[in-house]
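Structure below is start_1.pdb: PDB, C-alpha atoms, pLDDT in the B column.
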ATOM      1  CA  MET A 298      10.150 -27.445  15.921  1.00 60.00           C
ATOM      2  CA  LYS A 299       9.077 -29.030  12.665  1.00 84.00           C
ATOM      3  CA  LYS A 300       9.170 -27.004   9.481  1.00 82.00           C
ATOM      4  CA  ARG A 301       5.514 -27.716   8.775  1.00 84.00           C
ATOM      5  CA  HIS A 302       4.538 -26.206  12.120  1.00 84.00           C
ATOM      6  CA  LEU A 303       6.634 -23.111  11.338  1.00 81.00           C
ATOM      7  CA  VAL A 304       4.972 -22.783   7.942  1.00 84.00           C
ATOM      8  CA  HIS A 305       1.541 -22.860   9.609  1.00 85.00           C
ATOM      9  CA  GLN A 306       2.572 -20.272  12.185  1.00 85.00           C
ATOM     10  CA  MET A 307       4.009 -17.961   9.524  1.00 81.00           C
ATOM     11  CA  TYR A 308       0.865 -18.292   7.402  1.00 83.00           C
ATOM     12  CA  ASN A 309      -1.403 -17.601  10.385  1.00 83.00           C
ATOM     13  CA  MET A 310       0.607 -14.504  11.313  1.00 80.00           C
ATOM     14  CA  SER A 311       0.474 -13.150   7.763  1.00 78.00           C
ATOM     15  CA  GLN A 312      -3.289 -13.669   7.699  1.00 80.00           C
ATOM     16  CA  MET A 313      -3.744 -11.823  10.997  1.00 77.00           C
ATOM     17  CA  PHE A 314      -1.741  -8.839   9.729  1.00 72.00           C
ATOM     18  CA  SER A 315      -3.667  -8.805   6.447  1.00 70.00           C
ATOM     19  CA  ARG A 316      -7.000  -8.938   8.245  1.00 70.00           C
ATOM     20  CA  ALA A 317      -6.057  -6.137  10.645  1.00 64.00           C
ATOM     21  CA  ALA A 318      -4.915  -3.850   7.828  1.00 59.00           C
ATOM     22  CA  GLU A 319      -7.907  -4.730   5.660  1.00 59.00           C
ATOM     23  CA  VAL A 320     -10.463  -4.077   8.404  1.00 58.00           C
ATOM     24  CA  GLN A 321      -8.934  -0.697   9.155  1.00 53.00           C
ATOM     25  CA  GLY A 322      -8.548   0.240   5.504  1.00 49.00           C
ATOM     26  CA  ARG A 323     -12.174  -0.611   4.722  1.00 53.00           C
ATOM     27  CA  SER A 324     -13.394   2.236   6.860  1.00 61.00           C
ATOM     28  CA  VAL A 325     -11.816   4.654   4.387  1.00 70.00           C
ATOM     29  CA  MET A 326     -11.190   2.771   1.125  1.00 86.00           C
ATOM     30  CA  SER A 327     -10.814  -0.667  -0.424  1.00 85.00           C
ATOM     31  CA  LYS A 328      -7.581  -2.628  -0.218  1.00 83.00           C
ATOM     32  CA  SER A 329      -6.871  -2.157  -3.937  1.00 88.00           C
ATOM     33  CA  GLU A 330      -7.532   1.588  -3.734  1.00 92.00           C
ATOM     34  CA  PHE A 331      -5.144   1.848  -0.798  1.00 91.00           C
ATOM     35  CA  LYS A 332      -2.427  -0.089  -2.623  1.00 91.00           C
ATOM     36  CA  ILE A 333      -2.668   2.191  -5.660  1.00 94.00           C
ATOM     37  CA  LEU A 334      -2.603   5.377  -3.606  1.00 95.00           C
ATOM     38  CA  TYR A 335       0.320   3.996  -1.594  1.00 94.00           C
ATOM     39  CA  HIS A 336       2.415   3.227  -4.687  1.00 95.00           C
ATOM     40  CA  VAL A 337       1.605   6.559  -6.363  1.00 95.00           C
ATOM     41  CA  TRP A 338       2.441   8.420  -3.127  1.00 94.00           C
ATOM     42  CA  LYS A 339       5.626   6.411  -2.432  1.00 93.00           C
ATOM     43  CA  THR A 340       7.033   6.669  -5.974  1.00 91.00           C
ATOM     44  CA  HIS A 341       6.400  10.411  -6.126  1.00 88.00           C
ATOM     45  CA  ARG A 342       7.838  10.989  -2.647  1.00 88.00           C
ATOM     46  CA  GLU A 343      10.915   8.747  -2.889  1.00 87.00           C
ATOM     47  CA  GLU A 344      11.800   9.052  -6.573  1.00 86.00           C
ATOM     48  CA  ASP A 345      10.149  12.372  -7.453  1.00 86.00           C
ATOM     49  CA  LYS A 346       8.485  10.531 -10.322  1.00 87.00           C
ATOM     50  CA  MET A 347       4.912  10.002 -11.461  1.00 89.00           C
ATOM     51  CA  LEU A 348       3.692   6.554 -12.491  1.00 91.00           C
ATOM     52  CA  THR A 349       1.596   5.484 -15.453  1.00 91.00           C
ATOM     53  CA  SER A 350      -1.123   2.849 -15.042  1.00 91.00           C
ATOM     54  CA  ARG A 351       1.080   0.380 -16.917  1.00 90.00           C
ATOM     55  CA  GLU A 352       4.020   0.991 -14.549  1.00 92.00           C
ATOM     56  CA  LEU A 353       1.674   0.688 -11.594  1.00 93.00           C
ATOM     57  CA  ALA A 354       0.344  -2.662 -12.861  1.00 93.00           C
ATOM     58  CA  THR A 355       3.894  -3.968 -13.266  1.00 93.00           C
ATOM     59  CA  LEU A 356       4.888  -2.711  -9.827  1.00 91.00           C
ATOM     60  CA  MET A 357       1.858  -4.357  -8.220  1.00 92.00           C
ATOM     61  CA  ASN A 358       2.142  -7.528 -10.324  1.00 91.00           C
ATOM     62  CA  VAL A 359      -1.440  -7.321 -11.605  1.00 91.00           C
ATOM     63  CA  SER A 360      -3.021  -6.894 -15.018  1.00 91.00           C
ATOM     64  CA  SER A 361      -3.447  -3.492 -16.637  1.00 88.00           C
ATOM     65  CA  PRO A 362      -7.252  -3.932 -16.897  1.00 90.00           C
ATOM     66  CA  ALA A 363      -7.467  -4.572 -13.150  1.00 86.00           C
ATOM     67  CA  ILE A 364      -5.515  -1.397 -12.437  1.00 91.00           C
ATOM     68  CA  SER A 365      -7.484   0.592 -15.018  1.00 90.00           C
ATOM     69  CA  ARG A 366     -10.814  -0.145 -13.334  1.00 91.00           C
ATOM     70  CA  THR A 367      -9.599   0.935  -9.928  1.00 93.00           C
ATOM     71  CA  VAL A 368      -7.728   3.971 -11.272  1.00 94.00           C
ATOM     72  CA  LYS A 369     -10.874   5.044 -13.129  1.00 95.00           C
ATOM     73  CA  GLY A 370     -12.833   4.831  -9.875  1.00 94.00           C
ATOM     74  CA  LEU A 371     -10.189   6.843  -8.014  1.00 96.00           C
ATOM     75  CA  VAL A 372     -10.226   9.504 -10.748  1.00 96.00           C
ATOM     76  CA  GLN A 373     -14.047   9.655 -10.511  1.00 96.00           C
ATOM     77  CA  LYS A 374     -13.767  10.074  -6.730  1.00 96.00           C
ATOM     78  CA  GLU A 375     -11.228  12.832  -7.457  1.00 96.00           C
ATOM     79  CA  TRP A 376      -8.546  11.088  -5.367  1.00 96.00           C
ATOM     80  CA  LEU A 377      -6.230  10.678  -8.362  1.00 96.00           C
ATOM     81  CA  ILE A 378      -5.405  13.125 -11.131  1.00 95.00           C
ATOM     82  CA  GLN A 379      -4.350  12.011 -14.600  1.00 94.00           C
ATOM     83  CA  GLU A 380      -1.828  14.174 -16.451  1.00 91.00           C
ATOM     84  CA  ASP A 381      -0.678  13.751 -20.049  1.00 88.00           C
ATOM     85  CA  ASP A 382       3.027  13.199 -20.623  1.00 82.00           C
ATOM     86  CA  PRO A 383       4.142  16.305 -22.576  1.00 84.00           C
ATOM     87  CA  ASP A 384       6.785  14.199 -24.376  1.00 84.00           C
ATOM     88  CA  ASP A 385       4.540  11.254 -25.280  1.00 82.00           C
ATOM     89  CA  ARG A 386       0.782  11.770 -25.241  1.00 80.00           C
ATOM     90  CA  ARG A 387       0.250   7.989 -25.116  1.00 82.00           C
ATOM     91  CA  ASN A 388       1.428   8.058 -21.514  1.00 85.00           C
ATOM     92  CA  ILE A 389      -0.827   9.345 -18.775  1.00 90.00           C
ATOM     93  CA  PHE A 390       0.752   9.995 -15.396  1.00 92.00           C
ATOM     94  CA  LEU A 391      -1.040   9.534 -12.082  1.00 95.00           C
ATOM     95  CA  LYS A 392      -0.744  11.770  -9.059  1.00 93.00           C
ATOM     96  CA  LEU A 393      -2.632  12.174  -5.816  1.00 95.00           C
ATOM     97  CA  SER A 394      -5.102  15.021  -5.576  1.00 95.00           C
ATOM     98  CA  ASP A 395      -5.399  16.944  -2.327  1.00 95.00           C
ATOM     99  CA  GLU A 396      -8.482  14.868  -1.500  1.00 96.00           C
ATOM    100  CA  GLY A 397      -6.561  11.689  -2.365  1.00 95.00           C
ATOM    101  CA  LYS A 398      -3.754  12.728  -0.014  1.00 94.00           C
ATOM    102  CA  GLU A 399      -6.278  13.386   2.767  1.00 94.00           C
ATOM    103  CA  ASN A 400      -7.943  10.001   2.309  1.00 93.00           C
ATOM    104  CA  TYR A 401      -4.587   8.224   2.107  1.00 93.00           C
ATOM    105  CA  GLU A 402      -3.499   9.911   5.351  1.00 92.00           C
ATOM    106  CA  ARG A 403      -6.822   8.964   6.950  1.00 90.00           C
ATOM    107  CA  ALA A 404      -6.276   5.298   6.004  1.00 87.00           C
ATOM    108  CA  ILE A 405      -2.743   5.405   7.442  1.00 88.00           C
ATOM    109  CA  GLN A 406      -4.131   6.924  10.650  1.00 87.00           C
ATOM    110  CA  HIS A 407      -6.695   4.098  10.910  1.00 82.00           C
ATOM    111  CA  MET A 408      -3.891   1.550  10.522  1.00 81.00           C
ATOM    112  CA  GLU A 409      -1.758   3.313  13.133  1.00 82.00           C
ATOM    113  CA  ASN A 410      -4.716   3.250  15.518  1.00 82.00           C
ATOM    114  CA  SER A 411      -5.286  -0.455  14.922  1.00 77.00           C
ATOM    115  CA  MET A 412      -1.614  -1.181  15.571  1.00 79.00           C
ATOM    116  CA  LYS A 413      -1.459   0.975  18.692  1.00 81.00           C
ATOM    117  CA  ILE A 414      -1.341  -2.108  20.872  1.00 79.00           C
ATOM    118  CA  ILE A 415       1.796  -3.234  19.031  1.00 80.00           C
ATOM    119  CA  PHE A 416       3.497   0.120  19.562  1.00 83.00           C
ATOM    120  CA  ASP A 417       2.472   0.074  23.227  1.00 88.00           C
ATOM    121  CA  GLU A 418       3.638  -3.497  23.814  1.00 89.00           C
ATOM    122  CA  PHE A 419       6.969  -3.557  21.916  1.00 90.00           C
ATOM    123  CA  THR A 420       9.942  -1.243  21.714  1.00 91.00           C
ATOM    124  CA  GLU A 421      10.855   0.444  18.460  1.00 90.00           C
ATOM    125  CA  GLU A 422      13.953  -1.779  18.268  1.00 94.00           C
ATOM    126  CA  GLU A 423      11.847  -4.948  18.644  1.00 92.00           C
ATOM    127  CA  ILE A 424       9.517  -3.802  15.882  1.00 88.00           C
ATOM    128  CA  ARG A 425      12.470  -2.959  13.596  1.00 91.00           C
ATOM    129  CA  VAL A 426      14.023  -6.409  14.175  1.00 92.00           C
ATOM    130  CA  PHE A 427      10.670  -8.003  13.365  1.00 86.00           C
ATOM    131  CA  LEU A 428      10.320  -5.943  10.173  1.00 88.00           C
ATOM    132  CA  ASP A 429      13.892  -6.669   9.094  1.00 90.00           C
ATOM    133  CA  THR A 430      13.332 -10.379   9.668  1.00 88.00           C
ATOM    134  CA  GLY A 431      10.081 -10.225   7.695  1.00 83.00           C
ATOM    135  CA  ALA A 432      11.851  -8.454   4.832  1.00 86.00           C
ATOM    136  CA  ARG A 433      14.546 -11.143   4.761  1.00 89.00           C
ATOM    137  CA  LEU A 434      11.886 -13.864   4.793  1.00 80.00           C
ATOM    138  CA  THR A 435       9.998 -12.364   1.876  1.00 78.00           C
ATOM    139  CA  LYS A 436      13.164 -12.109  -0.241  1.00 81.00           C
TER     140      LYS A 436
END
Exercise: express the given structure as C-alpha coordinates:
Amino acid sequence: MKKRHLVHQMYNMSQMFSRAAEVQGRSVMSKSEFKILYHVWKTHREEDKMLTSRELATLMNVSSPAISRTVKGLVQKEWLIQEDDPDDRRNIFLKLSDEGKENYERAIQHMENSMKIIFDEFTEEEIRVFLDTGARLTK
(Lines of atoms letter the chains of each structure in order from A and count residues from 1; the text may use other names and numbers.)
(Lines give C-alpha, C1' and ligand atoms only; values in the text may rest on other atoms or scores of the structure.)
Protein backbone atom coordinates (compact mmCIF):
# COMPACT_ATOMS: atom_id res chain seq x y z
CA MET A 1 0.00 0.00 0.00
CA LYS A 2 1.34 3.42 -0.89
CA LYS A 3 2.13 5.89 1.85
CA ARG A 4 -0.12 8.52 0.30
CA HIS A 5 -3.08 6.14 0.49
CA LEU A 6 -2.29 5.44 4.16
CA VAL A 7 -2.10 9.17 4.88
CA HIS A 8 -5.56 9.64 3.34
CA GLN A 9 -7.00 6.75 5.32
CA MET A 10 -5.52 8.03 8.58
CA TYR A 11 -6.84 11.54 7.91
CA ASN A 12 -10.32 10.23 7.06
CA MET A 13 -10.41 8.15 10.25
CA SER A 14 -9.36 11.09 12.41
CA GLN A 15 -12.07 13.23 10.83
CA MET A 16 -14.73 10.59 11.49
CA PHE A 17 -13.74 10.35 15.16
CA SER A 18 -13.70 14.14 15.51
CA ARG A 19 -17.12 14.46 13.91
CA ALA A 20 -18.63 11.75 16.10
CA ALA A 21 -17.30 13.32 19.30
CA GLU A 22 -18.26 16.83 18.19
CA VAL A 23 -21.84 15.87 17.28
CA GLN A 24 -22.33 14.18 20.63
CA GLY A 25 -20.66 16.96 22.59
CA ARG A 26 -22.79 19.64 20.94
CA SER A 27 -25.90 18.32 22.60
CA VAL A 28 -24.44 19.37 25.96
CA MET A 29 -21.64 21.88 25.30
CA SER A 30 -19.25 23.21 22.68
CA LYS A 31 -16.03 21.42 21.79
CA SER A 32 -13.89 24.11 23.44
CA GLU A 33 -15.99 24.04 26.62
CA PHE A 34 -15.62 20.27 26.77
CA LYS A 35 -11.85 20.45 26.30
CA ILE A 36 -11.49 22.97 29.14
CA LEU A 37 -13.68 20.99 31.52
CA TYR A 38 -11.80 17.82 30.58
CA HIS A 39 -8.38 19.32 31.34
CA VAL A 40 -9.53 20.93 34.60
CA TRP A 41 -11.16 17.64 35.68
CA LYS A 42 -8.19 15.46 34.60
CA THR A 43 -5.50 17.64 36.21
CA HIS A 44 -7.41 17.86 39.49
CA ARG A 45 -8.17 14.12 39.51
CA GLU A 46 -4.75 12.81 38.44
CA GLU A 47 -2.42 15.39 39.98
CA ASP A 48 -4.61 16.79 42.76
CA LYS A 49 -3.82 20.22 41.35
CA MET A 50 -5.87 23.15 40.11
CA LEU A 51 -4.97 24.92 36.87
CA THR A 52 -4.77 28.61 36.06
CA SER A 53 -6.06 29.93 32.73
CA ARG A 54 -2.46 30.47 31.63
CA GLU A 55 -1.53 26.85 32.43
CA LEU A 56 -4.66 25.67 30.65
CA ALA A 57 -3.77 27.69 27.53
CA THR A 58 -0.27 26.19 27.50
CA LEU A 59 -1.63 22.68 28.02
CA MET A 60 -4.12 23.10 25.18
CA ASN A 61 -1.64 24.92 22.93
CA VAL A 62 -3.92 27.93 22.39
CA SER A 63 -3.70 31.61 23.23
CA SER A 64 -4.61 32.96 26.66
CA PRO A 65 -7.30 35.28 25.19
CA ALA A 66 -9.00 32.31 23.53
CA ILE A 67 -9.07 30.43 26.83
CA SER A 68 -10.17 33.52 28.76
CA ARG A 69 -13.29 33.98 26.64
CA THR A 70 -14.39 30.39 27.07
CA VAL A 71 -13.49 30.29 30.77
CA LYS A 72 -15.49 33.48 31.32
CA GLY A 73 -18.50 31.83 29.66
CA LEU A 74 -18.11 28.70 31.79
CA VAL A 75 -17.89 30.82 34.95
CA GLN A 76 -21.06 32.69 33.89
CA LYS A 77 -22.81 29.35 33.34
CA GLU A 78 -21.56 28.38 36.81
CA TRP A 79 -19.76 25.30 35.45
CA LEU A 80 -16.35 26.57 36.57
CA ILE A 81 -15.35 28.27 39.81
CA GLN A 82 -12.43 30.68 40.04
CA GLU A 83 -10.42 30.70 43.27
CA ASP A 84 -7.64 33.12 44.19
CA ASP A 85 -4.24 31.62 44.95
CA PRO A 86 -3.66 32.43 48.65
CA ASP A 87 0.11 32.65 47.99
CA ASP A 88 -0.06 34.83 44.87
CA ARG A 89 -3.23 36.80 44.21
CA ARG A 90 -2.21 37.25 40.56
CA ASN A 91 -3.03 33.59 40.00
CA ILE A 92 -6.62 32.44 39.77
CA PHE A 93 -7.25 28.71 39.93
CA LEU A 94 -10.05 26.94 38.08
CA LYS A 95 -12.15 24.10 39.40
CA LEU A 96 -15.34 22.38 38.33
CA SER A 97 -18.52 23.33 40.14
CA ASP A 98 -21.06 20.64 40.93
CA GLU A 99 -23.05 21.77 37.89
CA GLY A 100 -19.88 21.67 35.78
CA LYS A 101 -19.21 18.10 36.94
CA GLU A 102 -22.77 17.10 36.04
CA ASN A 103 -22.52 18.63 32.57
CA TYR A 104 -19.09 17.09 32.00
CA GLU A 105 -20.45 13.67 32.99
CA ARG A 106 -23.45 14.21 30.70
CA ALA A 107 -21.12 14.96 27.76
CA ILE A 108 -19.07 11.82 28.52
CA GLN A 109 -22.29 9.79 28.64
CA HIS A 110 -23.31 11.16 25.21
CA MET A 111 -19.92 10.14 23.82
CA GLU A 112 -20.19 6.67 25.37
CA ASN A 113 -23.62 6.29 23.79
CA SER A 114 -22.32 7.36 20.38
CA MET A 115 -19.46 4.87 20.64
CA LYS A 116 -21.68 2.02 21.82
CA ILE A 117 -21.41 0.35 18.44
CA ILE A 118 -17.62 0.26 18.84
CA PHE A 119 -17.87 -1.34 22.28
CA ASP A 120 -20.40 -3.84 20.94
CA GLU A 121 -18.36 -4.72 17.86
CA PHE A 122 -14.81 -4.94 19.31
CA THR A 123 -13.30 -6.55 22.37
CA GLU A 124 -11.70 -4.44 25.06
CA GLU A 125 -8.30 -5.81 24.00
CA GLU A 126 -8.87 -4.76 20.37
CA ILE A 127 -9.84 -1.26 21.47
CA ARG A 128 -6.76 -1.01 23.74
CA VAL A 129 -4.46 -2.10 20.89
CA PHE A 130 -6.07 0.51 18.65
CA LEU A 131 -5.64 3.22 21.29
CA ASP A 132 -2.03 2.24 21.98
CA THR A 133 -1.27 2.32 18.26
CA GLY A 134 -2.94 5.72 17.97
CA ALA A 135 -0.89 7.03 20.89
CA ARG A 136 2.32 5.81 19.25
CA LEU A 137 1.30 7.42 15.95
CA THR A 138 0.61 10.78 17.55
CA LYS A 139 4.01 10.82 19.30
Have a look at CA of Glu402 (chain A) and CA of Ser360 (chain A) and let me know their distance in Å, one decimal. 26.4 Å
Do you know which residues are at most 7 Å from Glu396 (chain A) counting only C-alpha atoms, after dropping those on the same chain fewer than 2 positions away, and could you put them as a PyMOL selection string? chain A and resi 375-376+394+398-400
When you count only C-alpha atoms, which of these residues is closest to Lys332 (chain A): A:Ile405, A:Arg351, A:Ile378, A:Arg316? A:Ile405
Provide the CA of Leu391 (chain A) to CA of Ser350 (chain A) distance in Å, to one decimal place.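 CA of Ser350 (chain A) lies at a distance of 7.3 Å from CA of Leu391 (chain A).
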Top pick for closest residue to Asp381 (chain A), considering A:Ile424, A:Met412, A:Met347, A:Leu434 and counting all atoms listed in the file: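 Residue with the minimum atom-to-atom distance to Asp381 (chain A): A:Met347.
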Take CA of Val325 (chain A) and CA of Arg425 (chain A) and report the distance between them in Å, one decimal. 27.1 Å
Assuming 6 Å of padding per side, give the centre and edge lengths of the axis-aligned box around every listed atom of region 365-380 of chain A, in Å to one decimal and as AutoDock Vina command-line options.
--center_x -7.9 --center_y 7.0 --center_z -10.9 --size_x 24.2 --size_y 26.3 --size_z 23.1
Output of the PyMOL selection byres ((chain A and resi 337) around 10), listed as a PyMOL selection string: chain A and resi 331-336+338-342+346-350+353+377+390-393
For Phe314 (chain A), which residue out of A:Asp382, A:Met408, A:Arg301, A:Glu352 is the nearest one, using only C-alpha atoms? A:Met408
Complete region 407-418 of chain A at the level of all heavy atoms, written as a PDB file, in the frame of the given file.
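Full text of result22.pdb as output:
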ATOM      1  N   HIS A 407      -5.902   5.244  10.453  1.00 82.00           N
ATOM      2  CA  HIS A 407      -6.695   4.098  10.910  1.00 82.00           C
ATOM      3  C   HIS A 407      -5.788   2.905  11.195  1.00 82.00           C
ATOM      4  O   HIS A 407      -5.959   2.200  12.188  1.00 82.00           O
ATOM      5  CB  HIS A 407      -7.752   3.702   9.866  1.00 82.00           C
ATOM      6  CG  HIS A 407      -8.962   4.560   9.893  1.00 82.00           C
ATOM      7  ND1 HIS A 407      -9.974   4.405  10.798  1.00 82.00           N
ATOM      8  CD2 HIS A 407      -9.331   5.596   9.101  1.00 82.00           C
ATOM      9  CE1 HIS A 407     -10.918   5.296  10.580  1.00 82.00           C
ATOM     10  NE2 HIS A 407     -10.547   6.045   9.555  1.00 82.00           N
ATOM     11  N   MET A 408      -4.816   2.668  10.319  1.00 81.00           N
ATOM     12  CA  MET A 408      -3.891   1.550  10.522  1.00 81.00           C
ATOM     13  C   MET A 408      -3.026   1.775  11.755  1.00 81.00           C
ATOM     14  O   MET A 408      -2.785   0.855  12.531  1.00 81.00           O
ATOM     15  CB  MET A 408      -3.024   1.343   9.285  1.00 81.00           C
ATOM     16  CG  MET A 408      -3.786   0.749   8.140  1.00 81.00           C
ATOM     17  SD  MET A 408      -2.682   0.519   6.740  1.00 81.00           S
ATOM     18  CE  MET A 408      -3.862   0.327   5.438  1.00 81.00           C
ATOM     19  N   GLU A 409      -2.552   3.003  11.933  1.00 82.00           N
ATOM     20  CA  GLU A 409      -1.758   3.313  13.133  1.00 82.00           C
ATOM     21  C   GLU A 409      -2.579   3.061  14.390  1.00 82.00           C
ATOM     22  O   GLU A 409      -2.075   2.505  15.367  1.00 82.00           O
ATOM     23  CB  GLU A 409      -1.288   4.766  13.100  1.00 82.00           C
ATOM     24  CG  GLU A 409      -0.158   5.030  12.151  1.00 82.00           C
ATOM     25  CD  GLU A 409       0.222   6.505  12.090  1.00 82.00           C
ATOM     26  OE1 GLU A 409      -0.261   7.318  12.912  1.00 82.00           O
ATOM     27  OE2 GLU A 409       1.020   6.853  11.198  1.00 82.00           O
ATOM     28  N   ASN A 410      -3.848   3.466  14.356  1.00 82.00           N
ATOM     29  CA  ASN A 410      -4.716   3.250  15.518  1.00 82.00           C
ATOM     30  C   ASN A 410      -4.916   1.760  15.790  1.00 82.00           C
ATOM     31  O   ASN A 410      -4.920   1.338  16.942  1.00 82.00           O
ATOM     32  CB  ASN A 410      -6.070   3.933  15.315  1.00 82.00           C
ATOM     33  CG  ASN A 410      -5.955   5.437  15.329  1.00 82.00           C
ATOM     34  OD1 ASN A 410      -4.973   6.004  15.800  1.00 82.00           O
ATOM     35  ND2 ASN A 410      -6.953   6.105  14.780  1.00 82.00           N
ATOM     36  N   SER A 411      -5.063   0.973  14.723  1.00 77.00           N
ATOM     37  CA  SER A 411      -5.286  -0.455  14.922  1.00 77.00           C
ATOM     38  C   SER A 411      -4.025  -1.149  15.419  1.00 77.00           C
ATOM     39  O   SER A 411      -4.093  -2.180  16.074  1.00 77.00           O
ATOM     40  CB  SER A 411      -5.768  -1.116  13.632  1.00 77.00           C
ATOM     41  OG  SER A 411      -4.716  -1.213  12.696  1.00 77.00           O
ATOM     42  N   MET A 412      -2.872  -0.572  15.140  1.00 79.00           N
ATOM     43  CA  MET A 412      -1.614  -1.181  15.571  1.00 79.00           C
ATOM     44  C   MET A 412      -1.070  -0.541  16.849  1.00 79.00           C
ATOM     45  O   MET A 412       0.044  -0.836  17.267  1.00 79.00           O
ATOM     46  CB  MET A 412      -0.588  -1.083  14.440  1.00 79.00           C
ATOM     47  CG  MET A 412      -0.980  -1.905  13.245  1.00 79.00           C
ATOM     48  SD  MET A 412       0.271  -1.791  11.964  1.00 79.00           S
ATOM     49  CE  MET A 412      -0.584  -2.587  10.621  1.00 79.00           C
ATOM     50  N   LYS A 413      -1.882   0.296  17.469  1.00 81.00           N
ATOM     51  CA  LYS A 413      -1.459   0.975  18.692  1.00 81.00           C
ATOM     52  C   LYS A 413      -1.005  -0.016  19.748  1.00 81.00           C
ATOM     53  O   LYS A 413       0.003   0.198  20.411  1.00 81.00           O
ATOM     54  CB  LYS A 413      -2.594   1.848  19.238  1.00 81.00           C
ATOM     55  CG  LYS A 413      -2.209   2.620  20.486  1.00 81.00           C
ATOM     56  CD  LYS A 413      -3.389   3.419  21.002  1.00 81.00           C
ATOM     57  CE  LYS A 413      -3.101   4.252  22.212  1.00 81.00           C
ATOM     58  NZ  LYS A 413      -2.188   3.760  23.188  1.00 81.00           N
ATOM     59  N   ILE A 414      -1.702  -1.105  19.869  1.00 79.00           N
ATOM     60  CA  ILE A 414      -1.341  -2.108  20.872  1.00 79.00           C
ATOM     61  C   ILE A 414       0.069  -2.658  20.627  1.00 79.00           C
ATOM     62  O   ILE A 414       0.811  -2.934  21.565  1.00 79.00           O
ATOM     63  CB  ILE A 414      -2.390  -3.248  20.930  1.00 79.00           C
ATOM     64  CG1 ILE A 414      -2.140  -4.090  22.172  1.00 79.00           C
ATOM     65  CG2 ILE A 414      -2.362  -4.089  19.678  1.00 79.00           C
ATOM     66  CD1 ILE A 414      -3.275  -5.034  22.485  1.00 79.00           C
ATOM     67  N   ILE A 415       0.451  -2.760  19.356  1.00 80.00           N
ATOM     68  CA  ILE A 415       1.796  -3.234  19.031  1.00 80.00           C
ATOM     69  C   ILE A 415       2.822  -2.203  19.482  1.00 80.00           C
ATOM     70  O   ILE A 415       3.822  -2.542  20.113  1.00 80.00           O
ATOM     71  CB  ILE A 415       1.929  -3.509  17.518  1.00 80.00           C
ATOM     72  CG1 ILE A 415       1.042  -4.692  17.123  1.00 80.00           C
ATOM     73  CG2 ILE A 415       3.382  -3.767  17.131  1.00 80.00           C
ATOM     74  CD1 ILE A 415       0.915  -4.894  15.629  1.00 80.00           C
ATOM     75  N   PHE A 416       2.565  -0.933  19.177  1.00 83.00           N
ATOM     76  CA  PHE A 416       3.497   0.120  19.562  1.00 83.00           C
ATOM     77  C   PHE A 416       3.569   0.292  21.077  1.00 83.00           C
ATOM     78  O   PHE A 416       4.600   0.696  21.614  1.00 83.00           O
ATOM     79  CB  PHE A 416       3.137   1.439  18.878  1.00 83.00           C
ATOM     80  CG  PHE A 416       3.311   1.395  17.387  1.00 83.00           C
ATOM     81  CD1 PHE A 416       2.225   1.516  16.539  1.00 83.00           C
ATOM     82  CD2 PHE A 416       4.566   1.214  16.834  1.00 83.00           C
ATOM     83  CE1 PHE A 416       2.387   1.464  15.155  1.00 83.00           C
ATOM     84  CE2 PHE A 416       4.744   1.160  15.460  1.00 83.00           C
ATOM     85  CZ  PHE A 416       3.653   1.283  14.627  1.00 83.00           C
ATOM     86  N   ASP A 417       2.477  -0.019  21.765  1.00 88.00           N
ATOM     87  CA  ASP A 417       2.472   0.074  23.227  1.00 88.00           C
ATOM     88  C   ASP A 417       3.184  -1.118  23.870  1.00 88.00           C
ATOM     89  O   ASP A 417       3.761  -0.989  24.939  1.00 88.00           O
ATOM     90  CB  ASP A 417       1.036   0.150  23.760  1.00 88.00           C
ATOM     91  CG  ASP A 417       0.354   1.462  23.429  1.00 88.00           C
ATOM     92  OD1 ASP A 417       1.056   2.417  23.025  1.00 88.00           O
ATOM     93  OD2 ASP A 417      -0.880   1.529  23.549  1.00 88.00           O
ATOM     94  N   GLU A 418       3.121  -2.247  23.241  1.00 89.00           N
ATOM     95  CA  GLU A 418       3.638  -3.497  23.814  1.00 89.00           C
ATOM     96  C   GLU A 418       5.116  -3.744  23.510  1.00 89.00           C
ATOM     97  O   GLU A 418       5.811  -4.371  24.298  1.00 89.00           O
ATOM     98  CB  GLU A 418       2.796  -4.665  23.289  1.00 89.00           C
ATOM     99  CG  GLU A 418       3.083  -5.999  23.925  1.00 89.00           C
ATOM    100  CD  GLU A 418       2.690  -6.077  25.393  1.00 89.00           C
ATOM    101  OE1 GLU A 418       1.759  -5.352  25.802  1.00 89.00           O
ATOM    102  OE2 GLU A 418       3.313  -6.858  26.121  1.00 89.00           O
TER     103      GLU A 418
END
